[in-house]
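Peer 1: input.txt is the file, holding compact mmCIF, C-alpha atoms:
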# COMPACT_ATOMS: atom_id res chain seq x y z
CA MET A 10 -59.62 -44.19 -18.22
CA HIS A 11 -56.43 -43.14 -19.75
CA ARG A 12 -58.09 -40.34 -21.49
CA PHE A 13 -59.83 -39.25 -18.30
CA GLY A 14 -56.67 -39.45 -16.16
CA GLY A 15 -54.73 -37.64 -18.82
CA GLY A 16 -57.49 -35.04 -18.78
CA ILE A 17 -57.01 -34.34 -15.08
CA SER A 18 -53.27 -34.00 -15.23
CA ALA A 19 -53.60 -31.75 -18.26
CA LEU A 20 -56.00 -29.60 -16.34
CA GLU A 21 -53.61 -29.53 -13.42
CA ARG A 22 -50.78 -28.54 -15.66
CA HIS A 23 -52.84 -25.85 -17.22
CA LYS A 24 -53.81 -24.46 -13.82
CA GLN A 25 -50.22 -24.58 -12.71
CA ALA A 26 -49.11 -22.69 -15.77
CA GLN A 27 -51.78 -20.06 -15.24
CA ARG A 28 -50.71 -19.62 -11.63
CA SER A 29 -47.11 -19.12 -12.53
CA PHE A 30 -48.03 -16.70 -15.29
CA ALA A 31 -50.10 -14.69 -12.86
CA GLU A 32 -47.25 -14.67 -10.36
CA LEU A 33 -44.84 -13.60 -13.01
CA SER A 34 -47.10 -10.87 -14.29
CA SER A 35 -47.73 -9.44 -10.85
CA GLU A 36 -44.02 -9.59 -10.22
CA ILE A 37 -43.41 -7.68 -13.40
CA SER A 38 -46.01 -5.03 -12.67
CA GLN A 39 -44.61 -4.77 -9.15
CA THR A 40 -41.23 -4.05 -10.60
CA GLN A 41 -42.73 -1.59 -13.04
CA ILE A 42 -44.58 0.22 -10.31
CA SER A 43 -41.59 0.47 -8.07
CA ASN A 44 -39.56 1.57 -11.05
CA LEU A 45 -42.10 4.22 -11.84
CA GLN A 46 -42.22 5.31 -8.24
CA ALA A 47 -38.49 5.63 -8.18
CA GLN A 48 -38.61 7.68 -11.34
CA LEU A 49 -41.31 9.88 -9.97
CA ALA A 50 -39.41 10.42 -6.75
CA HIS A 51 -36.39 11.30 -8.80
CA PHE A 52 -38.44 13.64 -10.97
CA ARG A 53 -39.92 15.35 -7.96
CA LYS A 54 -36.52 15.80 -6.43
CA ALA A 55 -35.16 17.27 -9.62
CA LEU A 56 -38.20 19.46 -9.93
CA ALA A 57 -37.91 20.68 -6.37
CA GLN A 58 -34.35 21.62 -7.06
CA PHE A 59 -35.30 23.29 -10.32
CA ALA A 60 -38.09 25.19 -8.66
CA SER A 61 -36.05 26.41 -5.75
CA THR A 62 -33.28 27.53 -8.08
CA HIS A 63 -35.51 29.24 -10.59
CA ARG A 64 -38.44 30.38 -8.52
CA ASP A 65 -37.47 34.03 -8.71
CA LYS A 66 -36.68 33.80 -12.35
CA ILE A 67 -40.07 32.26 -13.09
CA ALA A 68 -41.73 35.13 -11.31
CA LYS A 69 -39.64 37.86 -12.87
CA ASP A 70 -38.59 36.86 -16.36
CA PRO A 71 -41.46 36.68 -18.87
CA SER A 72 -39.60 34.67 -21.53
CA PHE A 73 -38.28 32.20 -18.99
CA ARG A 74 -41.78 31.84 -17.61
CA HIS A 75 -43.12 31.21 -21.06
CA ALA A 76 -40.54 28.48 -21.68
CA PHE A 77 -41.40 26.99 -18.32
CA GLN A 78 -45.12 26.95 -19.08
CA GLN A 79 -44.39 25.29 -22.40
CA MET A 80 -42.29 22.66 -20.72
CA CYS A 81 -45.12 22.00 -18.30
CA SER A 82 -47.70 21.54 -20.99
CA SER A 83 -45.44 19.30 -23.06
CA ILE A 84 -44.96 16.89 -20.15
CA GLY A 85 -48.63 17.14 -19.25
CA VAL A 86 -48.28 18.87 -15.93
CA ASP A 87 -50.50 21.75 -15.01
CA PRO A 88 -48.54 24.08 -12.75
CA LEU A 89 -51.80 25.57 -11.56
CA ALA A 90 -53.58 22.38 -10.66
CA GLY A 91 -55.21 22.36 -7.27
CA PRO A 92 -54.04 20.45 -4.21
CA ARG A 93 -55.57 17.18 -5.32
CA ARG A 94 -53.72 16.83 -8.55
CA GLY A 95 -50.19 18.07 -8.86
CA GLY A 96 -50.67 20.80 -6.26
CA TRP A 97 -47.15 20.25 -5.02
CA TRP A 98 -45.97 21.48 -8.38
CA ALA A 99 -47.70 24.82 -7.84
CA GLU A 100 -46.37 24.91 -4.30
CA LEU A 101 -42.84 24.18 -5.35
CA THR A 102 -42.62 26.72 -8.13
CA GLY A 103 -44.74 29.35 -6.48
CA ILE A 104 -46.31 29.87 -9.87
CA GLY A 105 -49.76 29.33 -8.44
CA ASP A 106 -49.38 32.33 -6.16
CA TRP A 107 -47.80 34.29 -8.93
CA GLN A 108 -50.61 33.55 -11.34
CA HIS A 109 -53.30 34.32 -8.80
CA GLU A 110 -51.61 37.55 -7.87
CA LEU A 111 -51.62 38.50 -11.54
CA GLY A 112 -55.29 37.56 -11.65
CA VAL A 113 -56.02 40.00 -8.85
CA GLN A 114 -54.13 42.73 -10.67
CA ILE A 115 -56.06 42.04 -13.86
CA VAL A 116 -59.33 42.31 -11.97
CA ASP A 117 -58.07 45.53 -10.40
CA VAL A 118 -57.34 47.13 -13.78
CA CYS A 119 -60.54 45.83 -15.38
CA VAL A 120 -62.71 47.11 -12.57
CA SER A 121 -61.03 50.48 -12.28
CA THR A 122 -61.29 51.16 -16.03
CA ARG A 123 -64.76 49.66 -16.40
CA GLU A 124 -66.39 53.02 -15.88
CA ARG A 125 -64.83 54.53 -18.91
CA ASN A 126 -64.73 51.51 -21.21
CA GLY A 127 -67.90 49.71 -20.26
CA GLY A 128 -66.09 46.52 -19.30
CA LEU A 129 -64.16 45.93 -22.46
CA ILE A 130 -60.45 46.62 -22.61
CA ASP A 131 -57.85 46.17 -25.29
CA LEU A 132 -55.52 43.34 -24.31
CA ALA A 133 -52.42 45.43 -25.05
CA GLU A 134 -53.80 48.25 -22.91
CA LEU A 135 -54.56 45.82 -20.10
CA ILE A 136 -51.02 44.47 -20.24
CA ARG A 137 -49.63 47.99 -20.17
CA LEU A 138 -51.71 48.96 -17.12
CA VAL A 139 -51.02 45.70 -15.29
CA SER A 140 -47.30 46.07 -15.93
CA ARG A 141 -47.44 49.60 -14.57
CA LEU A 142 -49.26 48.34 -11.49
CA ARG A 143 -46.57 45.71 -10.95
CA GLY A 144 -43.80 48.23 -11.20
CA PRO A 145 -40.35 47.68 -12.65
CA GLY A 146 -39.33 44.05 -13.09
CA GLY A 147 -42.96 42.95 -13.13
CA GLN A 148 -43.33 42.57 -16.86
CA VAL A 149 -46.02 40.24 -18.08
CA THR A 150 -46.81 38.85 -21.50
CA GLU A 151 -50.01 38.27 -23.41
CA ASP A 152 -49.58 34.60 -22.61
CA ASP A 153 -49.44 35.23 -18.86
CA VAL A 154 -52.52 37.42 -18.93
CA ALA A 155 -54.52 34.97 -21.02
CA ARG A 156 -53.58 32.18 -18.62
CA SER A 157 -54.56 34.19 -15.58
CA ILE A 158 -57.87 35.12 -17.13
CA LYS A 159 -58.52 31.43 -17.57
CA THR A 160 -57.99 30.92 -13.84
CA LEU A 161 -60.63 33.59 -13.23
CA GLU A 162 -63.24 31.71 -15.25
CA PRO A 163 -64.65 29.67 -12.34
CA LEU A 164 -65.56 32.94 -10.62
CA GLY A 165 -68.30 33.37 -13.20
CA ALA A 166 -67.65 37.11 -13.46
CA GLY A 167 -67.46 36.85 -17.22
CA TYR A 168 -63.75 37.46 -17.64
CA GLN A 169 -62.86 36.36 -21.12
CA VAL A 170 -60.44 37.10 -23.92
CA VAL A 171 -62.40 38.04 -27.02
CA ASP A 172 -60.95 37.98 -30.50
CA VAL A 173 -62.41 40.90 -32.42
CA GLY A 174 -60.68 39.99 -35.66
CA GLY A 175 -57.63 41.37 -37.40
CA GLY A 176 -55.42 39.76 -34.78
CA ARG A 177 -56.81 42.09 -32.13
CA LYS A 178 -57.82 40.81 -28.77
CA MET A 179 -59.86 42.41 -26.06
CA VAL A 180 -60.65 41.39 -22.53
CA ARG A 181 -64.24 41.46 -21.43
CA SER A 182 -64.88 41.83 -17.71
CA VAL A 183 -68.65 41.90 -17.58
CA VAL A 184 -71.15 39.14 -18.13
CA LYS A 185 -72.29 40.43 -21.47
CA GLU A 186 -72.26 38.64 -24.76
CA LEU A 187 -70.86 40.66 -27.60
CA ASP A 188 -72.84 39.95 -30.73
CA ASP A 189 -71.22 39.73 -34.14
CA ASP A 190 -72.21 43.25 -35.12
CA GLN A 191 -70.67 44.68 -31.98
CA MET A 192 -67.44 42.84 -32.72
CA VAL A 193 -67.40 44.46 -36.15
CA VAL A 194 -68.08 47.90 -34.68
CA ILE A 195 -65.21 47.46 -32.23
CA ALA A 196 -62.86 46.33 -34.99
CA VAL A 197 -63.82 49.32 -37.17
CA ALA A 198 -63.46 51.65 -34.19
CA GLN A 199 -59.99 50.32 -33.52
CA ASP A 200 -58.95 51.20 -37.04
CA GLY A 201 -60.16 54.74 -36.44
CA GLY A 202 -58.59 55.33 -33.05
CA GLY A 203 -61.92 54.66 -31.35
CA ARG A 204 -64.07 56.76 -33.70
CA VAL A 205 -66.93 55.14 -35.57
CA GLU A 206 -70.01 56.46 -37.34
CA VAL A 207 -73.00 55.10 -39.22
CA ASP A 208 -71.69 56.09 -42.67
CA GLY A 209 -68.34 54.46 -41.98
CA LEU A 210 -69.97 51.11 -41.21
CA VAL A 211 -72.15 51.39 -44.32
CA GLU A 212 -69.13 52.14 -46.51
CA LYS A 213 -66.61 49.74 -45.00
CA ARG A 214 -68.85 46.80 -44.16
CA GLY A 215 -71.71 47.20 -46.62
CA TRP A 216 -74.22 47.40 -43.82
CA THR A 217 -77.58 49.08 -44.21
CA VAL A 218 -77.98 52.37 -42.39
CA GLU A 219 -80.58 50.77 -40.10
CA ARG A 220 -78.28 47.94 -39.10
CA ALA A 221 -75.39 50.28 -38.40
CA ARG A 222 -77.58 52.64 -36.41
CA ALA A 223 -79.13 49.82 -34.38
CA ALA A 224 -75.75 48.32 -33.50
CA LEU A 225 -74.34 51.69 -32.45
CA GLU A 226 -77.40 52.76 -30.49
CA ASN A 227 -77.41 49.46 -28.61
CA MET A 228 -73.79 49.89 -27.69
CA LEU A 229 -74.45 53.48 -26.65
CA LEU A 230 -77.70 53.20 -24.74
CA ARG A 231 -77.99 49.61 -23.64
CA ASP A 232 -74.43 48.50 -23.02
CA GLY A 233 -72.54 51.71 -22.34
CA LEU A 234 -69.75 50.47 -24.60
CA CYS A 235 -69.48 53.69 -26.53
CA TRP A 236 -69.81 57.41 -26.03
CA LEU A 237 -71.58 59.97 -28.17
CA ASP A 238 -69.94 63.03 -29.72
CA GLU A 239 -72.26 65.67 -31.15
CA GLN A 240 -69.67 68.31 -31.95
CA ASP A 241 -67.93 66.71 -34.90
CA GLU A 242 -67.86 68.99 -37.91
CA SER A 243 -68.38 66.28 -40.49
CA CYS A 244 -71.10 64.26 -38.83
CA PRO A 245 -73.75 65.21 -36.27
CA GLN A 246 -73.44 61.95 -34.34
CA VAL A 247 -70.10 60.29 -33.93
CA TYR A 248 -69.67 57.29 -31.65
CA TRP A 249 -66.47 56.63 -29.74
CA VAL A 250 -65.51 53.27 -28.29
CA PRO A 251 -63.32 54.11 -25.27
CA SER A 252 -61.78 50.65 -25.18
CA ALA A 253 -60.53 51.22 -28.72
CA MET A 254 -59.08 54.64 -27.95
CA GLN A 255 -55.43 55.04 -27.10
CA TRP A 256 -55.04 56.55 -23.69
CA ASP A 257 -51.65 57.96 -22.73
CA GLU A 258 -51.73 58.59 -19.06
CA MET B 30 -54.68 59.63 -32.33
CA ALA B 31 -53.48 59.02 -28.82
CA LEU B 32 -55.22 60.81 -26.00
CA SER B 33 -52.68 62.49 -23.83
CA THR B 34 -52.53 64.84 -20.92
CA HIS B 35 -51.89 68.49 -21.63
CA THR B 36 -50.43 71.28 -19.56
CA THR B 37 -52.28 74.55 -19.98
CA ARG B 38 -50.74 78.00 -20.15
CA SER B 39 -51.53 78.50 -16.46
CA GLY B 40 -49.65 75.29 -15.64
CA PHE B 41 -52.67 73.10 -15.02
CA LEU B 42 -52.36 69.47 -16.05
CA LEU B 43 -55.44 68.40 -17.99
CA PRO B 44 -56.22 64.68 -17.79
CA SER B 45 -56.14 62.71 -21.03
CA ILE B 46 -59.93 62.40 -21.06
CA HIS B 47 -60.03 66.14 -21.74
CA SER B 48 -58.73 65.43 -25.23
CA ALA B 49 -61.44 62.83 -25.90
CA PRO B 50 -64.07 64.42 -28.17
CA PRO B 51 -67.14 62.73 -26.60
CA PHE B 52 -66.19 64.06 -23.17
CA PHE B 53 -67.75 67.36 -24.24
CA THR B 54 -71.14 65.88 -25.15
CA GLN B 55 -73.89 65.21 -22.64
CA GLN B 56 -74.32 61.43 -22.77
CA PRO B 57 -77.72 59.82 -23.31
CA ASN B 58 -76.71 56.75 -21.29
CA PRO B 59 -77.22 57.71 -17.61
CA ASN B 60 -74.38 55.48 -16.39
CA THR B 61 -71.98 57.02 -18.86
CA GLN B 62 -73.17 60.52 -18.04
CA LYS B 63 -72.53 59.80 -14.37
CA ILE B 64 -68.86 59.23 -15.17
CA VAL B 65 -68.78 62.35 -17.31
CA THR B 66 -70.38 64.43 -14.56
CA GLU B 67 -68.04 63.12 -11.89
CA THR B 68 -65.00 63.72 -14.04
CA TRP B 69 -66.10 67.26 -14.91
CA SER B 70 -66.88 68.00 -11.24
CA ARG B 71 -63.41 66.89 -10.18
CA LEU B 72 -61.86 68.85 -13.02
CA ILE B 73 -63.76 72.04 -12.14
CA LEU B 74 -62.84 71.77 -8.46
CA SER B 75 -59.18 71.06 -9.05
CA TYR B 76 -58.89 73.84 -11.62
CA ALA B 77 -60.62 76.23 -9.23
CA ARG B 78 -58.11 75.30 -6.55
CA HIS B 79 -55.23 75.73 -9.01
CA ARG B 80 -56.35 79.21 -10.06
CA ASN B 81 -57.92 80.19 -6.74
CA LEU B 82 -61.30 80.62 -8.41
CA PHE B 83 -64.47 80.56 -6.35
CA PHE B 84 -67.31 81.07 -8.78
CA ILE B 85 -68.34 79.46 -12.02
CA ARG B 86 -71.31 80.62 -14.07
CA VAL B 87 -73.26 79.01 -16.89
CA GLU B 88 -72.33 82.01 -18.99
CA ASP B 89 -68.66 81.03 -18.69
CA ALA B 90 -69.50 78.34 -21.23
CA GLU B 91 -71.38 80.74 -23.47
CA THR B 92 -68.70 83.14 -24.56
CA GLN B 93 -65.01 82.85 -25.14
CA GLY B 94 -62.67 84.83 -22.92
CA SER B 95 -63.77 83.54 -19.53
CA GLU B 96 -61.21 82.58 -16.89
CA TRP B 97 -62.55 79.03 -17.28
CA ASP B 98 -61.66 78.74 -20.99
CA GLU B 99 -58.71 76.44 -20.35
CA ILE B 100 -60.96 73.66 -19.19
CA LEU B 101 -64.33 74.51 -20.71
CA ARG B 102 -62.86 74.58 -24.20
CA ASN B 103 -60.44 72.38 -26.03
CA ASP B 104 -59.49 74.19 -29.22
CA ARG B 105 -57.02 71.47 -30.17
CA ILE B 106 -59.92 69.14 -30.87
CA LYS B 107 -62.51 71.89 -31.47
CA ARG B 108 -64.77 70.93 -28.63
CA ARG B 109 -66.33 72.94 -25.84
CA LEU B 110 -68.64 72.28 -22.95
CA LEU B 111 -72.08 73.56 -23.89
CA PRO B 112 -73.92 75.86 -21.43
CA SER B 113 -76.77 73.37 -20.96
CA HIS B 114 -74.29 70.61 -20.13
CA LEU B 115 -72.42 72.86 -17.68
CA SER B 116 -75.72 73.83 -16.09
CA TYR B 117 -76.52 70.14 -15.57
CA ILE B 118 -73.07 69.44 -14.08
CA LEU B 119 -73.41 72.40 -11.70
CA SER B 120 -76.78 71.13 -10.49
CA GLU B 121 -75.20 67.76 -9.74
CA MET B 122 -72.34 69.45 -7.88
CA VAL B 123 -74.84 71.38 -5.78
CA ALA B 124 -76.69 68.15 -5.03
CA LYS B 125 -73.44 66.60 -3.80
CA ASN B 126 -72.47 69.65 -1.70
CA GLN B 127 -69.47 70.34 -3.91
CA ALA B 128 -70.94 73.77 -4.58
CA VAL B 129 -73.89 75.99 -3.63
CA TYR B 130 -75.95 78.30 -5.76
CA GLU B 131 -74.71 81.81 -4.95
CA PRO B 132 -76.58 84.05 -4.86
CA PRO B 133 -79.30 81.64 -3.76
CA LYS B 134 -82.58 81.18 -5.65
CA GLN B 135 -81.01 81.08 -9.10
CA THR B 136 -79.20 78.31 -10.97
CA ARG B 137 -76.73 80.08 -13.21
CA SER B 138 -73.91 80.77 -10.76
CA VAL B 139 -72.35 78.65 -8.05
CA LEU B 140 -69.86 79.10 -5.26
CA LEU B 141 -67.42 76.21 -5.46
CA TYR B 142 -66.49 74.17 -2.42
CA TRP B 143 -63.02 72.95 -3.33
CA ARG B 144 -62.74 73.28 0.40
CA LEU B 145 -65.87 72.80 2.46
CA PRO B 146 -66.80 75.64 4.88
CA GLU B 147 -65.69 73.31 7.70
CA GLU B 148 -62.29 72.94 6.04
CA TRP B 149 -62.02 76.68 5.44
CA ALA B 150 -62.82 77.17 9.12
CA GLU B 151 -59.75 75.11 10.08
CA VAL B 152 -57.55 76.90 7.56
CA LEU B 153 -58.74 80.22 8.89
CA HIS B 154 -58.22 79.29 12.52
CA GLN B 155 -54.79 77.97 11.79
CA TRP B 156 -53.80 81.11 9.93
CA VAL B 157 -55.06 83.36 12.73
CA THR B 158 -53.19 81.27 15.30
CA SER B 159 -49.92 81.02 13.37
CA THR B 160 -49.86 84.75 12.68
CA GLY B 161 -50.43 85.52 16.36
CA GLN B 162 -53.76 87.27 15.85
CA LEU B 163 -55.86 85.34 18.34
CA THR B 164 -58.21 87.60 20.36
CA THR B 165 -57.39 90.57 18.10
CA ILE B 166 -60.32 91.95 16.15
CA LEU B 167 -59.80 91.42 12.44
CA THR B 168 -61.94 93.03 9.77
CA PHE B 169 -63.15 90.83 6.91
CA TYR B 170 -60.99 92.89 4.61
CA GLU B 171 -57.89 92.13 6.68
CA ILE B 172 -58.62 88.44 6.26
CA THR B 173 -59.50 88.39 2.55
CA ASP B 174 -56.75 90.79 1.53
CA PRO B 175 -53.88 90.50 4.00
CA PRO B 176 -50.61 92.37 3.36
CA VAL B 177 -48.77 89.03 3.26
CA PRO B 178 -50.69 86.63 0.96
CA SER B 179 -52.31 83.80 2.88
CA PRO B 180 -54.33 80.71 1.98
CA LEU B 181 -57.37 82.91 2.52
CA THR B 182 -56.39 85.64 0.09
CA GLY B 183 -59.31 86.31 -2.22
CA ILE B 184 -61.85 84.20 -0.34
CA PRO B 185 -65.34 85.59 -1.00
CA VAL B 186 -66.99 87.19 2.02
CA VAL B 187 -69.96 84.85 1.73
CA LEU B 188 -67.66 81.85 2.16
CA LEU B 189 -65.64 83.56 4.91
CA ARG B 190 -68.85 84.19 6.79
CA LYS B 191 -69.74 80.48 6.57
CA ALA B 192 -66.30 79.51 7.86
CA ILE B 193 -66.53 81.93 10.78
CA ALA B 194 -70.00 80.59 11.58
CA VAL B 195 -68.49 77.10 11.83
CA LEU B 196 -65.87 78.38 14.28
CA ALA B 197 -68.49 80.34 16.24
CA LYS B 198 -70.42 77.13 16.86
CA THR B 199 -67.46 75.71 18.77
CA GLY B 200 -66.69 78.95 20.55
CA ARG B 201 -63.60 79.69 18.52
CA ALA B 202 -64.84 82.86 16.83
CA GLN B 203 -67.23 85.68 17.29
CA ILE B 204 -68.54 88.09 14.64
CA ILE B 205 -68.17 91.68 15.71
CA ALA B 206 -69.48 94.86 14.10
CA VAL B 207 -66.60 97.23 13.40
CA ALA B 208 -66.54 100.81 12.19
CA ASP B 209 -66.13 100.05 8.47
CA GLY B 210 -68.28 96.90 8.21
CA GLU B 211 -67.77 93.57 9.88
CA GLY B 212 -65.01 91.80 11.69
CA ALA B 213 -64.34 88.83 13.86
CA ARG B 214 -62.41 87.82 16.87
CA PHE B 215 -60.87 84.39 17.24
CA PHE B 216 -60.12 82.28 20.28
CA ALA B 217 -57.86 79.35 20.94
CA GLY B 218 -59.39 75.90 20.96
CA THR B 219 -59.46 72.67 19.07
CA GLY B 220 -63.12 72.68 18.09
CA ARG B 221 -63.89 69.60 20.14
Rewrite the structure from the file as structure tokens, please.
Peer 2:
Amino acid sequence: MHRFGGGISALERHKQAQRSFAELSSEISQTQISNLQAQLAHFRKALAQFASTHRDKIAKDPSFRHAFQQMCSSIGVDPLAGPRRGGWWAELTGIGDWQHELGVQIVDVCVSTRERNGGLIDLAELIRLVSRLRGPGGQVTEDDVARSIKTLEPLGAGYQVVDVGGGRKMVRSVVKELDDDQMVVIAVAQDGGGRVEVDGLVEKRGWTVERARAALENMLLRDGLCWLDEQDESCPQVYWVPSAMQWDE
Amino acid sequence: MALSTHTTRSGFLLPSIHSAPPFFTQQPNPNTQKIVTETWSRLILSYARHRNLFFIRVEDAETQGSEWDEILRNDRIKRRLLPSHLSYILSEMVAKNQAVYEPPKQTRSVLLYWRLPEEWAEVLHQWVTSTGQLTTILTFYEITDPPVPSPLTGIPVVLLRKAIAVLAKTGRAQIIAVADGEGARFFAGTGR
């Protein structure tokens, strides 16, 4: 009997303890949540103030913008996130509009130069043309452009930054995969101011004549990524990659 | 080597593509050639306007010393537009009504429409009106070679005739036979 009775009261005690622990824990998490909410409210307020003070500077000053983007990524906030997640951030800073506007300008430049470069443009050239489009005070950096191109990805138009090696980057604006050989041709062309020929690829890259010819002919005839020159004194067929040529306009 | 614009001796600004070597080769890729053709067509028309030239012939690309040398050749990069390529470009210009074969029934010489006959008609009517010569009979010679240079100075008779025909359709001109050839009389009106 004693053991049984003791068993019940022990059980009661145990239940009691569990109840109070649960109460305590929910009290604690309640406090934590309200604490967190207070912090968040504070953060938002500070951010709103920051944004309204620096909105213009974010839009106009490339290095400030870069620092701002870095700050965002270090605290895990995406200033471009849509309305569902952190959209207020984009609204507050106006960086969403800014970035999308830049995206439109990038598309503008890519489309208007596509005729002559076949949909492949040197990143530096793109930046130069976009900056010119934006007029004075509208400077953008490589970082800005790369970020904007990322926002264009969901459009499925094939906008992508391509690394062609040697620290050189190009922006592709057509849905077209560049194969490895084409990347090499573009890199070689860039070293020669846009000019590339079969012999050059054989000498510099150790390719066979057939491989070099096939890569160049594909770029010329199939993809429209290079132009033919038949009036060169040293070689009857010289290929020129317009996107690797330096155009002063 | 950066491709840059260049101002010719006659003061014409060549676009940077004119210093790109492949611009002078007929391209095997039809899409690329389309760009080349369009660019050359624009270049030919704007140069014609700059120099007040009305005709271009395939032979202008054959020998040096033509009035078209400044654009058909680029000696700085040792390139020139080959006659066969020019012939192709001219055929495309004719197809787009940027030029007509003149004389007709041959394909080696074209009359350039840097202004369409309809546009020349307006220029002509405006000149006649502003110089107070409405209803006066003017000989073709008085129009193509006026004592005070006009926008119509040097216009070929064949083009002038087309422009007058446009005005005649709307009752603003009438071709009249005069003692030493042909002439026309112009009337007020808006053409509507």
Peer 1: Give me the chain B side of the contact with chain A, cut-off 12 Å, one line per residue showing its nearest atom pair and distance in Å at one decimal, counting all atoms listed in the file, sorted by chain and residue number, as CSV.
Peer 2:
residue,atom,partner,partner_atom,distance
B:Met30,CA,A:Gly202,CA,5.9
B:Ala31,CA,A:Gln255,CA,4.8
B:Leu32,CA,A:Trp256,CA,4.8
B:Ser33,CA,A:Asp257,CA,4.8
B:Thr34,CA,A:Glu258,CA,6.6
B:His35,CA,A:Glu258,CA,10.2
B:Leu42,CA,A:Glu258,CA,11.3
B:Leu43,CA,A:Glu258,CA,10.5
B:Pro44,CA,A:Glu258,CA,7.7
B:Ser45,CA,A:Glu258,CA,6.3
B:Ile46,CA,A:Trp256,CA,8.1
B:His47,CA,A:Trp256,CA,11.0
B:Ser48,CA,A:Trp256,CA,9.7
B:Ala49,CA,A:Met254,CA,8.8
B:Pro50,CA,A:Asp238,CA,6.2
B:Pro51,CA,A:Asp238,CA,4.2
B:Phe52,CA,A:Asp238,CA,7.6
B:Phe53,CA,A:Asp238,CA,7.3
B:Thr54,CA,A:Asp238,CA,5.5
B:Gln55,CA,A:Leu237,CA,8.0
B:Gln56,CA,A:Leu237,CA,6.2
B:Pro57,CA,A:Leu230,CA,6.8
B:Asn58,CA,A:Leu230,CA,5.0
B:Pro59,CA,A:Leu230,CA,8.5
B:Asn60,CA,A:Gly233,CA,7.3
B:Thr61,CA,A:Gly233,CA,6.4
B:Gln62,CA,A:Trp236,CA,9.2
B:Lys63,CA,A:Glu124,CA,9.3
B:Ile64,CA,A:Glu124,CA,6.7
B:Val65,CA,A:Arg125,CA,8.9
B:Glu67,CA,A:Glu124,CA,11.0
B:Thr68,CA,A:Arg125,CA,10.4
B:Asn103,CA,A:Gln240,CA,11.7
B:Ile106,CA,A:Asp241,CA,9.3
B:Lys107,CA,A:Gln240,CA,8.0
B:Arg108,CA,A:Gln240,CA,6.5
B:Arg109,CA,A:Gln240,CA,8.4
B:Leu110,CA,A:Gln240,CA,9.9
B:Leu111,CA,A:Gln240,CA,9.9
Peer 1: Report the distance between CA of Trp156 in chain B and CA of Ser39 in chain B in Å, rounded to one decimal place.
Peer 2: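 If I compute the distance from CA of Trp156 in chain B to CA of Ser39 in chain B, I get 26.6 Å.
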Peer 1: Distance CA of Ala133 in chain A-CA of Leu72 in chain B, one decimal place?
Peer 2: 28.0 Å
Peer 1: Just want the 10 Å neighbourhood of range 87-98 of chain B, counted on all atoms listed in the file, with same-chain residues fewer than 3 positions away dropped. Output as an mmCIF file with C-alpha atoms, in the frame of the given file.
Peer 2:
data_model
loop_
_atom_site.group_PDB
_atom_site.id
_atom_site.type_symbol
_atom_site.label_atom_id
_atom_site.label_comp_id
_atom_site.auth_asym_id
_atom_site.auth_seq_id
_atom_site.Cartn_x
_atom_site.Cartn_y
_atom_site.Cartn_z
ATOM 1 C CA ILE B 73 -63.760 72.040 -12.140
ATOM 2 C CA TYR B 76 -58.890 73.840 -11.620
ATOM 3 C CA ALA B 77 -60.620 76.230 -9.230
ATOM 4 C CA ARG B 80 -56.350 79.210 -10.060
ATOM 5 C CA LEU B 82 -61.300 80.620 -8.410
ATOM 6 C CA PHE B 84 -67.310 81.070 -8.780
ATOM 7 C CA LEU B 101 -64.330 74.510 -20.710
ATOM 8 C CA ARG B 102 -62.860 74.580 -24.200
ATOM 9 C CA ASN B 103 -60.440 72.380 -26.030
ATOM 10 C CA ASP B 104 -59.490 74.190 -29.220
ATOM 11 C CA ARG B 109 -66.330 72.940 -25.840
ATOM 12 C CA LEU B 110 -68.640 72.280 -22.950
ATOM 13 C CA LEU B 111 -72.080 73.560 -23.890
ATOM 14 C CA PRO B 112 -73.920 75.860 -21.430
ATOM 15 C CA SER B 113 -76.770 73.370 -20.960
ATOM 16 C CA HIS B 114 -74.290 70.610 -20.130
ATOM 17 C CA LEU B 115 -72.420 72.860 -17.680
ATOM 18 C CA SER B 116 -75.720 73.830 -16.090
ATOM 19 C CA TYR B 117 -76.520 70.140 -15.570
ATOM 20 C CA ILE B 118 -73.070 69.440 -14.080
ATOM 21 C CA LEU B 119 -73.410 72.400 -11.700
ATOM 22 C CA THR B 136 -79.200 78.310 -10.970
ATOM 23 C CA ARG B 137 -76.730 80.080 -13.210
ATOM 24 C CA SER B 138 -73.910 80.770 -10.760
ATOM 25 C CA VAL B 139 -72.350 78.650 -8.050
#
Peer 1: Any idea what the distance is between CA of Pro245 in chain A and CA of Arg222 in chain A?
Peer 2: 13.1 Å
Peer 1: Would you list the residues near (-70.3, 75.9, -2.3) (no more than 9 Å away, in the coordinates of the file, using only C-alpha atoms) as a PyMOL selection string?
Peer 2: chain B and resi 83-84+122-123+126-131+139-146+188
Peer 1: Restricted to C-alpha atoms, what would the selected residues look like written as a compact mmCIF listing (two decimals), keeping the file's coordinate frame?
Peer 2:
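Heads up, here's the output in out_19.txt:
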# COMPACT_ATOMS: atom_id res chain seq x y z
CA PHE B 83 -64.47 80.56 -6.35
CA PHE B 84 -67.31 81.07 -8.78
CA MET B 122 -72.34 69.45 -7.88
CA VAL B 123 -74.84 71.38 -5.78
CA ASN B 126 -72.47 69.65 -1.70
CA GLN B 127 -69.47 70.34 -3.91
CA ALA B 128 -70.94 73.77 -4.58
CA VAL B 129 -73.89 75.99 -3.63
CA TYR B 130 -75.95 78.30 -5.76
CA GLU B 131 -74.71 81.81 -4.95
CA VAL B 139 -72.35 78.65 -8.05
CA LEU B 140 -69.86 79.10 -5.26
CA LEU B 141 -67.42 76.21 -5.46
CA TYR B 142 -66.49 74.17 -2.42
CA TRP B 143 -63.02 72.95 -3.33
CA ARG B 144 -62.74 73.28 0.40
CA LEU B 145 -65.87 72.80 2.46
CA PRO B 146 -66.80 75.64 4.88
CA LEU B 188 -67.66 81.85 2.16
